[in-house]
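Student: Okay, so here is upload_34.cif, and as you'll see once you scroll down, it has mmCIF, C-alpha atoms.
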```cif
data_structure
loop_
_atom_site.label_atom_id
_atom_site.label_comp_id
_atom_site.auth_asym_id
_atom_site.auth_seq_id
_atom_site.Cartn_x
_atom_site.Cartn_y
_atom_site.Cartn_z
CA MET A 1 96.37 -35.76 -63.00
CA GLN A 2 94.45 -38.31 -60.89
CA ILE A 3 96.20 -37.41 -57.66
CA TYR A 4 95.52 -33.71 -58.30
CA LYS A 5 91.81 -34.38 -58.93
CA HIS A 6 91.59 -36.53 -55.82
CA GLU A 7 93.15 -33.79 -53.68
CA ILE A 8 90.82 -31.12 -55.09
CA TYR A 9 87.72 -33.31 -54.61
CA GLY A 10 88.86 -33.93 -51.04
CA ASN A 11 89.04 -30.19 -50.43
CA PHE A 12 85.80 -29.09 -52.03
CA TYR A 13 83.39 -31.95 -52.53
CA SER A 14 81.95 -31.92 -49.02
CA TRP A 15 81.17 -28.80 -47.00
CA ARG A 16 83.57 -29.96 -44.30
CA GLY A 17 86.43 -30.06 -46.81
CA GLY A 18 85.69 -26.51 -47.92
CA LEU A 19 85.09 -25.04 -44.47
CA TRP A 20 88.54 -23.37 -44.53
CA ILE A 21 87.59 -21.15 -47.47
CA ILE A 22 84.37 -20.03 -45.72
CA VAL A 23 86.36 -19.23 -42.56
CA ALA A 24 88.94 -17.35 -44.68
CA SER A 25 86.17 -15.31 -46.32
CA LEU A 26 84.71 -14.53 -42.88
CA ILE A 27 88.15 -13.27 -41.77
CA PHE A 28 88.35 -11.04 -44.86
CA SER A 29 84.78 -9.81 -44.22
CA LEU A 30 85.56 -8.99 -40.60
CA VAL A 31 88.78 -7.14 -41.48
CA ALA A 32 87.19 -5.20 -44.37
CA TYR A 33 84.12 -4.30 -42.31
CA LEU A 34 86.20 -3.15 -39.33
CA LEU A 35 88.57 -1.13 -41.52
CA LEU A 36 85.74 0.70 -43.22
CA THR A 37 83.24 1.17 -40.43
CA ASP A 38 85.17 1.33 -37.16
CA LYS A 39 85.58 4.97 -36.10
CA GLU A 40 89.31 4.74 -35.40
CA LEU A 41 90.31 2.27 -38.13
CA SER A 42 88.31 4.08 -40.82
CA LEU A 43 90.61 7.08 -40.37
CA LEU A 44 93.43 5.08 -41.92
CA ASP A 45 94.45 6.00 -45.39
CA GLN A 46 92.89 3.66 -47.98
CA GLY A 47 96.36 2.59 -49.12
CA GLU A 48 97.14 1.48 -45.58
CA MET A 49 93.84 -0.39 -45.36
CA LEU A 50 94.68 -2.27 -48.54
CA TYR A 51 98.18 -2.93 -47.25
CA THR A 52 96.75 -4.39 -44.02
CA LEU A 53 94.35 -6.64 -45.93
CA GLY A 54 97.12 -7.60 -48.40
CA GLN A 55 99.32 -8.74 -45.51
CA ILE A 56 96.49 -10.83 -44.07
CA ILE A 57 95.75 -12.46 -47.45
CA ILE A 58 99.39 -13.38 -48.08
CA ALA A 59 99.92 -14.58 -44.48
CA LEU A 60 96.77 -16.71 -44.64
CA GLY A 61 97.81 -18.16 -48.01
CA ILE A 62 101.25 -19.09 -46.68
CA VAL A 63 99.82 -20.71 -43.53
CA ILE A 64 97.24 -22.73 -45.49
CA ALA A 65 99.88 -23.84 -48.02
CA ALA A 66 102.38 -24.84 -45.31
CA ILE A 67 99.88 -26.87 -43.27
CA THR A 68 98.30 -28.61 -46.27
CA ALA A 69 101.55 -29.41 -48.05
CA SER A 70 103.51 -30.49 -44.99
CA SER A 71 101.11 -33.33 -44.20
CA SER A 72 100.43 -34.42 -47.77
CA ILE A 73 103.07 -37.16 -48.13
CA SER A 74 103.69 -38.02 -44.47
CA GLY A 75 99.91 -38.26 -43.96
CA GLU A 76 99.69 -40.87 -46.73
CA ILE A 77 102.61 -42.80 -45.20
CA GLU A 78 101.04 -42.74 -41.71
CA SER A 79 97.58 -43.79 -42.90
CA GLY A 80 99.05 -46.65 -44.94
CA THR A 81 97.82 -45.38 -48.31
CA PHE A 82 101.23 -44.38 -49.65
CA GLU A 83 101.99 -47.84 -51.09
CA ASN A 84 98.74 -47.66 -53.08
CA ILE A 85 99.79 -44.30 -54.51
CA LEU A 86 103.16 -45.73 -55.51
CA LEU A 87 101.34 -48.48 -57.43
CA VAL A 88 100.13 -45.80 -59.86
CA PRO A 89 102.46 -46.10 -62.87
CA ILE A 90 103.88 -42.61 -62.63
CA LYS A 91 107.04 -41.28 -61.06
CA PHE A 92 106.91 -40.22 -57.43
CA ARG A 93 108.13 -36.76 -58.41
CA ILE A 94 105.04 -36.34 -60.63
CA ILE A 95 102.82 -37.39 -57.70
CA ALA A 96 104.52 -34.78 -55.51
CA ILE A 97 104.14 -32.13 -58.23
CA GLU A 98 100.40 -32.90 -58.47
CA LYS A 99 100.12 -32.42 -54.72
CA VAL A 100 101.94 -29.07 -55.01
CA LEU A 101 99.54 -28.07 -57.81
CA SER A 102 96.56 -28.90 -55.61
CA VAL A 103 97.94 -26.61 -52.88
CA ILE A 104 98.51 -23.83 -55.45
CA THR A 105 94.90 -24.33 -56.64
CA MET A 106 93.73 -23.82 -53.04
CA TRP A 107 95.66 -20.54 -53.00
CA GLY A 108 94.07 -19.65 -56.36
CA ILE A 109 90.60 -20.11 -54.86
CA LEU A 110 91.54 -18.08 -51.77
CA TYR A 111 92.87 -15.38 -54.09
CA LEU A 112 89.64 -15.29 -56.12
CA VAL A 113 87.67 -14.94 -52.89
CA CYS A 114 89.81 -11.99 -51.71
CA ILE A 115 89.48 -9.95 -54.96
CA PRO A 116 86.04 -8.41 -54.12
CA TYR A 117 87.40 -7.24 -50.77
CA LEU A 118 90.43 -5.59 -52.39
CA ILE A 119 88.17 -3.83 -54.90
CA VAL A 120 85.81 -2.55 -52.19
CA LEU A 121 88.68 -1.24 -50.07
CA SER A 122 90.29 0.51 -53.03
CA ASN A 123 87.03 2.20 -54.07
CA GLY A 124 87.75 5.73 -55.28
CA THR A 125 91.52 5.25 -55.61
CA ASN A 126 93.83 3.95 -58.34
CA PHE A 127 94.91 1.00 -56.16
CA ALA A 128 92.38 -1.62 -57.31
CA ILE A 129 94.48 -3.12 -60.13
CA PRO A 130 97.89 -2.77 -58.37
CA SER A 131 96.58 -4.37 -55.16
CA VAL A 132 94.97 -7.31 -57.01
CA PHE A 133 98.06 -7.72 -59.22
CA TYR A 134 100.77 -7.56 -56.53
CA VAL A 135 98.87 -9.65 -53.97
CA GLY A 136 98.41 -12.24 -56.76
CA ILE A 137 102.05 -12.18 -57.91
CA PHE A 138 103.66 -12.27 -54.46
CA GLY A 139 101.08 -14.66 -53.02
CA THR A 140 101.51 -17.14 -55.88
CA ILE A 141 105.32 -17.11 -55.79
CA LEU A 142 105.46 -17.43 -51.99
CA VAL A 143 102.76 -20.10 -51.81
CA THR A 144 104.54 -22.11 -54.53
CA GLY A 145 107.84 -21.84 -52.68
CA ILE A 146 106.33 -22.72 -49.29
CA SER A 147 104.37 -25.65 -50.80
CA LEU A 148 107.53 -27.09 -52.38
CA LEU A 149 109.46 -26.64 -49.13
CA SER A 150 106.68 -28.13 -46.98
CA ILE A 151 106.25 -31.17 -49.23
CA SER A 152 110.03 -31.65 -49.12
CA LEU A 153 109.80 -31.58 -45.30
CA SER A 154 106.94 -34.06 -45.43
CA ILE A 155 109.05 -36.41 -47.59
CA PHE A 156 112.18 -35.93 -45.51
CA LEU A 157 110.63 -36.29 -42.04
CA THR A 158 107.92 -38.88 -42.98
CA SER A 159 105.96 -37.82 -39.88
CA SER A 160 102.98 -35.45 -40.11
CA LYS A 161 103.45 -34.14 -36.58
CA ASN A 162 107.09 -33.23 -37.16
CA SER A 163 106.66 -31.88 -40.66
CA VAL A 164 103.59 -29.73 -39.80
CA MET A 165 105.31 -28.32 -36.70
CA THR A 166 108.52 -27.57 -38.63
CA ALA A 167 106.57 -25.97 -41.50
CA ILE A 168 104.59 -23.77 -39.07
CA MET A 169 107.83 -22.68 -37.40
CA ILE A 170 109.34 -21.78 -40.78
CA VAL A 171 106.21 -19.76 -41.61
CA LEU A 172 106.39 -17.96 -38.26
CA ILE A 173 110.07 -17.14 -38.82
CA LEU A 174 109.24 -15.80 -42.29
CA LEU A 175 106.30 -13.69 -41.11
CA ALA A 176 107.78 -12.55 -37.78
CA PRO A 177 109.82 -9.55 -39.01
CA SER A 178 106.88 -8.02 -40.87
CA LEU A 179 104.04 -8.85 -38.51
CA PHE A 180 105.61 -8.96 -35.06
CA PHE A 181 108.76 -6.76 -35.10
CA GLY A 182 108.37 -3.13 -34.09
CA SER A 183 109.71 -0.40 -36.37
CA SER A 184 112.70 0.24 -34.06
CA LEU A 185 113.74 -3.44 -34.13
CA LYS A 186 113.48 -3.47 -37.92
CA LYS A 187 115.97 -0.59 -38.09
CA THR A 188 118.70 -2.47 -36.18
CA ASP A 189 121.46 -4.22 -38.16
CA PHE A 190 119.93 -7.59 -37.29
CA GLY A 191 116.48 -6.42 -38.36
CA ILE A 192 117.79 -5.03 -41.67
CA ILE A 193 119.68 -8.26 -42.48
CA LEU A 194 116.65 -10.38 -41.58
CA GLU A 195 114.36 -8.23 -43.77
CA ASN A 196 116.80 -8.42 -46.69
CA VAL A 197 117.06 -12.21 -46.70
CA ASN A 198 113.42 -12.90 -45.87
CA PRO A 199 111.15 -13.42 -48.92
CA ALA A 200 107.95 -12.78 -46.93
CA SER A 201 109.35 -9.44 -45.73
CA HIS A 202 110.18 -8.55 -49.34
CA ALA A 203 106.60 -9.32 -50.39
CA ILE A 204 105.09 -7.30 -47.56
CA ASN A 205 107.54 -4.39 -48.00
CA SER A 206 106.70 -4.36 -51.69
CA LEU A 207 102.98 -4.11 -50.87
CA ASP A 208 103.84 -1.23 -48.55
CA SER A 209 105.80 0.44 -51.33
CA VAL A 210 102.97 -0.04 -53.86
CA LEU A 211 99.95 0.75 -51.72
CA VAL A 212 101.28 3.28 -49.21
CA ASP A 213 104.07 4.99 -51.18
CA ASN A 214 102.31 4.71 -54.56
CA GLU A 215 105.30 3.05 -56.32
CA ILE A 216 103.19 0.88 -58.57
CA THR A 217 105.46 0.05 -61.54
CA LEU A 218 107.15 -3.33 -61.88
CA LYS A 219 110.50 -1.59 -62.29
CA GLN A 220 110.15 -0.07 -58.81
CA GLN A 221 109.42 -3.50 -57.34
CA ASN A 222 112.05 -5.54 -59.22
CA ILE A 223 114.29 -6.02 -56.15
CA HIS A 224 111.41 -7.50 -54.15
CA LEU A 225 110.24 -9.63 -57.08
CA ALA A 226 113.79 -10.92 -57.61
CA ALA A 227 114.13 -11.82 -53.91
CA VAL A 228 110.91 -13.87 -53.76
CA SER A 229 111.75 -15.50 -57.12
CA ILE A 230 115.17 -16.56 -55.79
CA PHE A 231 113.40 -18.08 -52.78
CA MET A 232 111.05 -20.02 -55.06
CA VAL A 233 113.93 -21.29 -57.24
CA SER A 234 115.80 -22.41 -54.09
CA CYS A 235 112.67 -24.29 -52.97
CA ILE A 236 112.47 -25.97 -56.39
CA PHE A 237 116.04 -27.28 -55.94
CA VAL A 238 115.23 -28.56 -52.42
CA PHE A 239 112.10 -30.24 -53.81
CA LEU A 240 114.02 -31.87 -56.70
CA TYR A 241 116.63 -33.15 -54.27
CA CYS A 242 114.06 -34.61 -51.84
CA THR A 243 111.98 -36.28 -54.56
CA ARG A 244 115.03 -37.87 -56.22
CA ASN A 245 114.75 -41.70 -56.20
CA PHE A 246 112.18 -41.55 -53.37
CA GLU A 247 110.61 -44.86 -54.49
CA LEU A 248 113.94 -46.62 -53.90
CA LYS A 249 114.31 -45.04 -50.47
CA VAL A 250 110.82 -46.28 -49.49
CA MET A 251 111.66 -49.78 -50.73
CA LYS A 252 114.81 -49.80 -48.58
CA MET B 1 135.52 38.55 -22.05
CA THR B 2 132.26 39.94 -23.33
CA THR B 3 131.27 43.58 -23.41
CA ILE B 4 127.68 44.60 -23.86
CA ILE B 5 126.99 48.10 -25.11
CA PHE B 6 123.75 49.67 -23.94
CA VAL B 7 122.48 52.62 -25.92
CA LEU B 8 120.17 55.02 -24.20
CA ASN B 9 117.18 55.99 -26.27
CA ALA B 10 115.21 59.12 -25.44
CA THR B 11 112.40 57.11 -23.90
CA ASN B 12 113.42 53.48 -23.75
CA TYR B 13 116.41 51.31 -23.19
CA PHE B 14 117.25 48.92 -25.98
CA ILE B 15 119.98 46.43 -26.31
CA LEU B 16 121.38 47.48 -29.65
CA SER B 17 124.16 45.04 -30.25
CA TYR B 18 126.71 42.75 -28.73
CA ALA B 19 130.29 43.63 -29.16
CA ILE B 20 131.83 40.23 -28.79
CA THR B 21 135.41 39.51 -28.08
CA GLN B 22 137.06 36.18 -27.28
CA PRO B 23 136.29 34.04 -25.33
CA VAL B 24 132.54 33.69 -26.06
CA ASN B 25 130.32 33.49 -23.02
CA HIS B 26 127.66 30.94 -23.95
CA ASP B 27 125.51 31.91 -20.99
CA LEU B 28 124.74 35.20 -22.69
CA ILE B 29 125.12 34.29 -26.33
CA ASN B 30 123.24 31.11 -26.98
CA SER B 31 120.81 29.80 -29.54
CA SER B 32 117.74 30.86 -27.60
CA ASN B 33 118.41 34.56 -27.92
CA MET B 34 120.31 34.62 -31.22
CA LEU B 35 118.00 32.43 -33.33
CA LYS B 36 114.41 33.14 -34.20
CA ILE B 37 111.85 30.82 -35.77
CA THR B 38 109.02 32.47 -37.66
CA LEU B 39 105.98 30.53 -38.83
CA LYS B 40 104.99 31.03 -42.45
CA SER B 41 101.93 28.80 -42.20
CA SER B 42 98.63 30.05 -40.91
CA SER B 43 98.32 29.96 -37.12
CA GLU B 44 95.05 28.03 -37.42
CA PHE B 45 94.37 25.03 -39.61
CA HIS B 46 91.23 22.96 -40.01
CA GLY B 47 91.58 19.70 -41.91
CA ILE B 48 90.10 16.26 -42.38
CA ALA B 49 91.85 13.05 -41.35
CA GLY B 50 93.88 11.65 -44.24
CA GLN B 51 94.57 15.11 -45.64
CA TYR B 52 98.11 16.50 -45.94
CA MET B 53 99.15 19.89 -44.63
CA LYS B 54 102.37 21.85 -45.01
CA ILE B 55 104.06 23.41 -42.02
CA ALA B 56 106.39 26.14 -43.22
CA GLY B 57 108.60 28.48 -41.30
CA GLU B 58 112.00 30.04 -41.35
CA ILE B 59 114.85 30.22 -38.92
CA THR B 60 116.96 33.36 -38.75
CA ASN B 61 120.35 33.92 -37.23
CA LEU B 62 120.05 37.31 -35.52
CA SER B 63 123.71 37.36 -34.69
CA PRO B 64 126.32 39.04 -36.91
CA ASN B 65 128.50 35.96 -36.31
CA THR B 66 128.43 32.39 -37.56
CA MET B 67 126.38 30.24 -35.20
CA ASP B 68 126.48 26.54 -34.40
CA GLY B 69 123.89 24.45 -36.20
CA GLY B 70 121.54 21.84 -34.81
CA ILE B 71 118.30 20.02 -35.46
CA ALA B 72 114.99 21.63 -36.28
CA TYR B 73 111.92 19.48 -35.67
CA ILE B 74 108.21 19.74 -35.19
CA SER B 75 106.29 18.98 -32.06
CA ILE B 76 102.65 17.91 -32.17
CA VAL B 77 100.69 17.77 -28.93
CA ASP B 78 97.23 16.29 -28.66
CA ILE B 79 95.39 18.93 -26.64
CA THR B 80 92.33 16.78 -25.99
CA GLU B 81 94.20 13.75 -24.69
CA LYS B 82 97.06 15.87 -23.32
CA ILE B 83 99.81 13.73 -24.80
CA PRO B 84 102.56 14.36 -27.36
CA VAL B 85 102.00 12.65 -30.72
CA ASP B 86 104.44 10.09 -32.11
CA LEU B 87 105.49 11.46 -35.52
CA GLU B 88 105.95 7.93 -36.93
CA ASP B 89 102.76 8.00 -39.00
CA TRP B 90 102.40 11.76 -39.31
CA SER B 91 105.54 12.81 -41.12
CA VAL B 92 108.21 11.15 -43.25
CA GLU B 93 110.70 13.88 -42.34
CA LYS B 94 111.30 13.79 -38.60
CA GLY B 95 113.89 16.55 -38.34
CA LEU B 96 116.09 18.84 -40.41
CA TYR B 97 119.80 19.05 -39.65
CA ILE B 98 121.41 22.45 -40.15
CA PRO B 99 125.24 22.31 -39.92
CA ASN B 100 125.67 26.02 -39.09
CA PHE B 101 124.25 29.49 -39.62
CA LEU B 102 126.09 32.19 -41.48
CA PRO B 103 125.81 35.72 -40.07
CA SER B 104 122.20 36.98 -40.39
CA GLN B 105 121.28 33.96 -42.48
CA THR B 106 117.64 32.90 -42.87
CA LEU B 107 116.84 29.31 -43.79
CA PRO B 108 113.45 27.92 -44.81
CA LEU B 109 111.89 25.04 -42.83
CA GLU B 110 109.16 22.85 -44.24
CA TRP B 111 107.34 19.68 -43.26
CA ASN B 112 104.54 17.82 -44.96
CA ILE B 113 102.42 16.10 -42.39
CA ARG B 114 99.51 13.76 -42.84
CA LEU B 115 96.59 14.27 -40.50
CA VAL B 116 96.27 10.75 -39.16
CA LYS B 117 93.77 11.04 -36.35
CA ALA B 118 90.88 13.37 -35.59
CA GLY B 119 91.38 15.73 -32.66
CA ASN B 120 92.73 19.09 -31.57
CA TYR B 121 96.46 19.63 -31.70
CA ALA B 122 99.09 22.26 -31.01
CA VAL B 123 101.96 22.23 -33.51
CA ASP B 124 105.19 24.16 -33.22
CA ILE B 125 108.69 24.14 -34.68
CA LEU B 126 111.62 23.67 -32.33
CA PHE B 127 115.36 24.01 -32.80
CA ASN B 128 118.01 22.43 -30.60
CA THR B 129 121.53 23.78 -31.02
CA GLU B 130 124.19 21.12 -31.27
CA GLY B 131 126.31 20.78 -28.17
CA GLN B 132 124.66 23.51 -26.08
CA PHE B 133 123.10 21.32 -23.44
CA SER B 134 122.40 24.14 -21.00
CA SER B 135 120.45 26.30 -23.44
CA PRO B 136 116.71 25.79 -24.01
CA PRO B 137 115.43 25.00 -27.52
CA VAL B 138 114.22 27.81 -29.76
CA ALA B 139 110.51 27.56 -30.39
CA SER B 140 108.14 29.09 -32.89
CA SER B 141 104.65 30.27 -32.08
CA LYS B 142 101.99 27.54 -32.12
CA ILE B 143 99.65 26.40 -34.86
CA GLN B 144 96.22 25.44 -33.66
CA LEU B 145 95.25 22.36 -35.63
CA GLU B 146 91.79 20.87 -35.75
CA VAL B 147 91.42 17.52 -37.50
CA LEU B 148 87.93 16.32 -38.32
CA PRO B 149 87.20 12.59 -38.73
CA LYS B 150 86.90 11.14 -42.20
CA PHE B 151 84.94 8.06 -43.07
CA ASN B 152 86.52 6.75 -46.23
CA LEU B 153 83.51 4.92 -47.57
CA ASN B 154 79.89 4.53 -46.84
CA PRO B 155 79.61 1.38 -44.72
CA ASN B 156 76.86 0.20 -47.04
CA ASN B 157 79.45 -0.34 -49.75
CA VAL B 158 81.18 -3.03 -47.75
CA LEU B 159 78.15 -4.80 -46.33
CA PRO B 160 77.13 -6.61 -49.55
CA ILE B 161 80.67 -7.95 -49.87
CA ALA B 162 81.16 -8.70 -46.17
CA PHE B 163 77.96 -10.74 -46.01
CA GLY B 164 77.68 -11.71 -49.67
CA VAL B 165 80.97 -13.56 -50.24
CA PRO B 166 80.67 -15.95 -47.26
CA GLY B 167 76.97 -16.34 -48.08
CA ILE B 168 77.69 -17.31 -51.70
CA LEU B 169 80.40 -19.77 -50.59
CA ILE B 170 78.05 -21.38 -48.05
CA GLY B 171 75.42 -21.60 -50.80
CA ILE B 172 77.86 -23.26 -53.26
CA PHE B 173 78.95 -25.83 -50.68
CA GLY B 174 75.34 -26.40 -49.66
CA VAL B 175 74.35 -27.15 -53.27
CA LEU B 176 77.39 -29.42 -53.76
CA ASN B 177 76.51 -31.27 -50.56
CA TYR B 178 72.90 -31.65 -51.66
CA ILE B 179 73.92 -33.00 -55.10
CA ARG B 180 76.28 -35.45 -53.43
CA GLY B 181 73.57 -36.46 -50.94
CA ARG B 182 71.07 -37.09 -53.75
CA LYS B 183 73.57 -39.22 -55.64
CA MET B 184 74.14 -41.28 -52.53
CA GLY B 185 70.42 -41.57 -51.85
CA ILE B 186 70.38 -39.59 -48.61
CA TYR B 187 67.47 -37.35 -49.73
CA ASN B 188 65.39 -40.08 -51.42
#
```
Go ahead and express the file in the form of structure tokens.

Tutor:
Amino acid sequence: MQIYKHEIYGNFYSWRGGLWIIVASLIFSLVAYLLLTDKELSLLDQGEMLYTLGQIIIALGIVIAAITASSSISGEIESGTFENILLVPIKFRIIAIEKVLSVITMWGILYLVCIPYLIVLSNGTNFAIPSVFYVGIFGTILVTGISLLSISLSIFLTSSKNSVMTAIMIVLILLAPSLFFGSSLKKTDFGIILENVNPASHAINSLDSVLVDNEITLKQQNIHLAAVSIFMVSCIFVFLYCTRNFELKVMK
Amino acid sequence: MTTIIFVLNATNYFILSYAITQPVNHDLINSSNMLKITLKSSSEFHGIAGQYMKIAGEITNLSPNTMDGGIAYISIVDITEKIPVDLEDWSVEKGLYIPNFLPSQTLPLEWNIRLVKAGNYAVDILFNTEGQFSSPPVASSKIQLEVLPKFNLNPNNVLPIAFGVPGILIGIFGVLNYIRGRKMGIYN
């Protein structure tokens, strides 16, 4: 787990490395404070407040995972340190898995930071446990899938600029229906198809169903959970394909 | 051809009934004079934002004949801002479709609406008959609705979290940085 430890130290050992988590916590603080104290926003139902914050947490987690993972291999290749990593007597696939684990750990820390905000917003309702649980479940599955996909892009494109740009575009496509489409566009045939095949939309619609419509049981969310799980399994296959015999490809 | 029978009362004239023969003249017999919407809810309602209220009424076919159906819906107008309200957030049920009315039939109408925003509103139930484009909609009397603002939580509850979490994180990174600096001899 040397690569994993190195990545984690890089993220948290200096204050510069950990600045992203402070900025993320400031975003959560700003959103929570505005939702609870702003005259207009505070009129929102608490379920809707939690749903808004849940969307922001998941979106932020996906963006952080995509950017970090998409430059992890190509960045090493560009800075000339990749050969040194390959000298470590472990398979390249294990190295890539350790990098994925480090990205998932970053999400884990972001998730721990967001829990107090979810609890404060759900004060006085029965949404505290469901909001923490579903944001955790959907966030972890999506972040794992996006990390695997972004590292695969990084391996395939071997250029940080290209892989980061492509990963950001994929994230925008995934988040667009939920965050940017109006309700009328979502109801069109195209909107319905896009929402049905999009794992991020499933996660956000599930949060809506749990926190706004009070459908908190796992049974009521099994369609959404199945959809994001299928996405993660697909990403695992892409990852396994891209990491297959990568050492030989580099040698060639 | 339509014949209207007027019956002379001792003091007043009343239209007692329509004796209708084919063909029907829709100018005289249309939804606006043959259907009546009666409110069952109170004509005044005072609530707090976030609260739910029920708007209940009933629609009655005054005609002895079967009438065309249509769509019953509610209208909410913001009196203060003088604009109609988009029902998107207020009510899950936007309208009720009634296929037709049997002679003298009365049907219940009910909506559950969530009071989203503070303000003063006028709420009424409307009914548009299917296909009769020249006839005006049938309307109920108005409900005067006053929605008071609701502050879900005391702002003080969020302040310790809003300032505390970033503060703790800055503190942790500060300590880590200091430990690292001491190891490297920066603070010696």

Student: At a cut-off of 10 Å, list the chain B residues touching chain A, using all atoms listed in the file, as a ChimeraX atom specification.

Tutor: /B:48-51,88,114-118,148-181

Student: What does the PyMOL selection byres ((chain B and resi 87) around 10) select in this file, as an mmCIF file with C-alpha atoms, in the coordinates of the input?

Tutor:
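File out08.cif, as written:
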```cif
data_model
loop_
_atom_site.group_PDB
_atom_site.id
_atom_site.type_symbol
_atom_site.label_atom_id
_atom_site.label_comp_id
_atom_site.auth_asym_id
_atom_site.auth_seq_id
_atom_site.Cartn_x
_atom_site.Cartn_y
_atom_site.Cartn_z
ATOM 1 C CA ILE B 74 108.210 19.740 -35.190
ATOM 2 C CA SER B 75 106.290 18.980 -32.060
ATOM 3 C CA ILE B 76 102.650 17.910 -32.170
ATOM 4 C CA PRO B 84 102.560 14.360 -27.360
ATOM 5 C CA VAL B 85 102.000 12.650 -30.720
ATOM 6 C CA ASP B 86 104.440 10.090 -32.110
ATOM 7 C CA GLU B 88 105.950 7.930 -36.930
ATOM 8 C CA ASP B 89 102.760 8.000 -39.000
ATOM 9 C CA TRP B 90 102.400 11.760 -39.310
ATOM 10 C CA SER B 91 105.540 12.810 -41.120
ATOM 11 C CA VAL B 92 108.210 11.150 -43.250
ATOM 12 C CA GLU B 93 110.700 13.880 -42.340
ATOM 13 C CA LYS B 94 111.300 13.790 -38.600
ATOM 14 C CA ILE B 113 102.420 16.100 -42.390
ATOM 15 C CA ARG B 114 99.510 13.760 -42.840
ATOM 16 C CA VAL B 116 96.270 10.750 -39.160
#
```

Student: May I have the residues within 12 Å of Gly182 of chain A as a ChimeraX atom specification, using all atoms listed in the file and disregarding those fewer than 5 positions away in the same chain?

Tutor: /A:176-177,187-188,191 /B:88

Student: So that I can check the surroundings of Gln55 of chain A, please list as a CSV table (one decimal) with C-alpha atoms, in the frame of the given file every protein, DNA and RNA residue that reaches within 12 Å of it, counting only C-alpha atoms and ignoring chain neighbours fewer than 3 positions away.

Tutor:
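What landed in result_17.csv:
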```
chain,number,residue,atom,x,y,z
A,28,PHE,CA,88.4,-11.0,-44.9
A,31,VAL,CA,88.8,-7.1,-41.5
A,48,GLU,CA,97.1,1.5,-45.6
A,49,MET,CA,93.8,-0.4,-45.4
A,50,LEU,CA,94.7,-2.3,-48.5
A,51,TYR,CA,98.2,-2.9,-47.2
A,52,THR,CA,96.8,-4.4,-44.0
A,58,ILE,CA,99.4,-13.4,-48.1
A,59,ALA,CA,99.9,-14.6,-44.5
A,60,LEU,CA,96.8,-16.7,-44.6
A,61,GLY,CA,97.8,-18.2,-48.0
A,62,ILE,CA,101.2,-19.1,-46.7
A,114,CYS,CA,89.8,-12.0,-51.7
A,118,LEU,CA,90.4,-5.6,-52.4
A,131,SER,CA,96.6,-4.4,-55.2
A,134,TYR,CA,100.8,-7.6,-56.5
A,135,VAL,CA,98.9,-9.6,-54.0
A,136,GLY,CA,98.4,-12.2,-56.8
A,138,PHE,CA,103.7,-12.3,-54.5
A,139,GLY,CA,101.1,-14.7,-53.0
A,175,LEU,CA,106.3,-13.7,-41.1
A,178,SER,CA,106.9,-8.0,-40.9
A,179,LEU,CA,104.0,-8.8,-38.5
A,200,ALA,CA,108.0,-12.8,-46.9
A,201,SER,CA,109.4,-9.4,-45.7
A,202,HIS,CA,110.2,-8.6,-49.3
A,203,ALA,CA,106.6,-9.3,-50.4
A,204,ILE,CA,105.1,-7.3,-47.6
A,205,ASN,CA,107.5,-4.4,-48.0
A,206,SER,CA,106.7,-4.4,-51.7
A,207,LEU,CA,103.0,-4.1,-50.9
A,208,ASP,CA,103.8,-1.2,-48.6
A,211,LEU,CA,100.0,0.8,-51.7
```

Student: What does the structure give for the distance between atom CA of Tyr121 of chain B and atom CA of Pro108 of chain B, in Å to one decimal?

Tutor: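 Here the two named atoms are 23.0 Å from each other.
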
Student: For the file shown, report as a list of chain:residue names the outcome of the PyMOL selection byres ((chain A and resi 163-166) around 7) at residue level.

Tutor: A:Ile67, A:Ser70, A:Ser71, A:Leu153, A:Ser154, A:Leu157, A:Ser159, A:Ser160, A:Lys161, A:Asn162, A:Ala167, A:Ile168, A:Met169, A:Ile170

Student: Got a sec: who's within 12 Å of segment 88-98 of chain A, counting all atoms listed in the file, leaving out chain neighbours fewer than 5 positions off, as an MDAnalysis selection string?

Tutor: chainID A and resid 1:8 69:74 76 81:83 103:105 144 147:155 236 239:250

Student: Please, which residues are within 12 Å of (97.9, 32.1, -39.4) by the file's coordinates, counting all atoms listed in the file, and could they come as a PyMOL selection string?

Tutor: chain B and resi 38-46+55-57+141-145

Student: Enter the distance from atom CA of Val77 of chain B to atom CA of Ile37 of chain B, in Å, rounded to one decimal.

Tutor: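 Going from atom CA of Val77 of chain B over to atom CA of Ile37 of chain B, I get 18.5 Å.
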
Student: Could you please determine the separation between atom CA of Ala72 of chain B and atom CA of Met53 of chain B in Å, to one decimal place?

Tutor: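 So the answer is 18.0 Å.
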
Student: What lies within 8 Å of Thr106 of chain B using only C-alpha atoms, ignoring chain neighbours under 5 positions off, as a ChimeraX atom specification?

Tutor: /B:58-61

Student: I would like the residues chosen by the PyMOL selection byres ((chain B and resi 65) around 10) on the shown file; could you give them as a list in words?

Tutor: Ile20, Met34, Asn61, Leu62, Ser63, Pro64, Thr66, Met67, Asp68, Phe101, Leu102, Pro103, Ser104 and Gln105 of chain B

Student: Name the closest residue to Gly54 of chain A among the candidates A:Leu101, A:Ile146, A:Val132, A:Ile173; distances are taken between atoms, counting all atoms listed in the file.

Tutor: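 Under the stated criterion, the closest residue is A:Val132.
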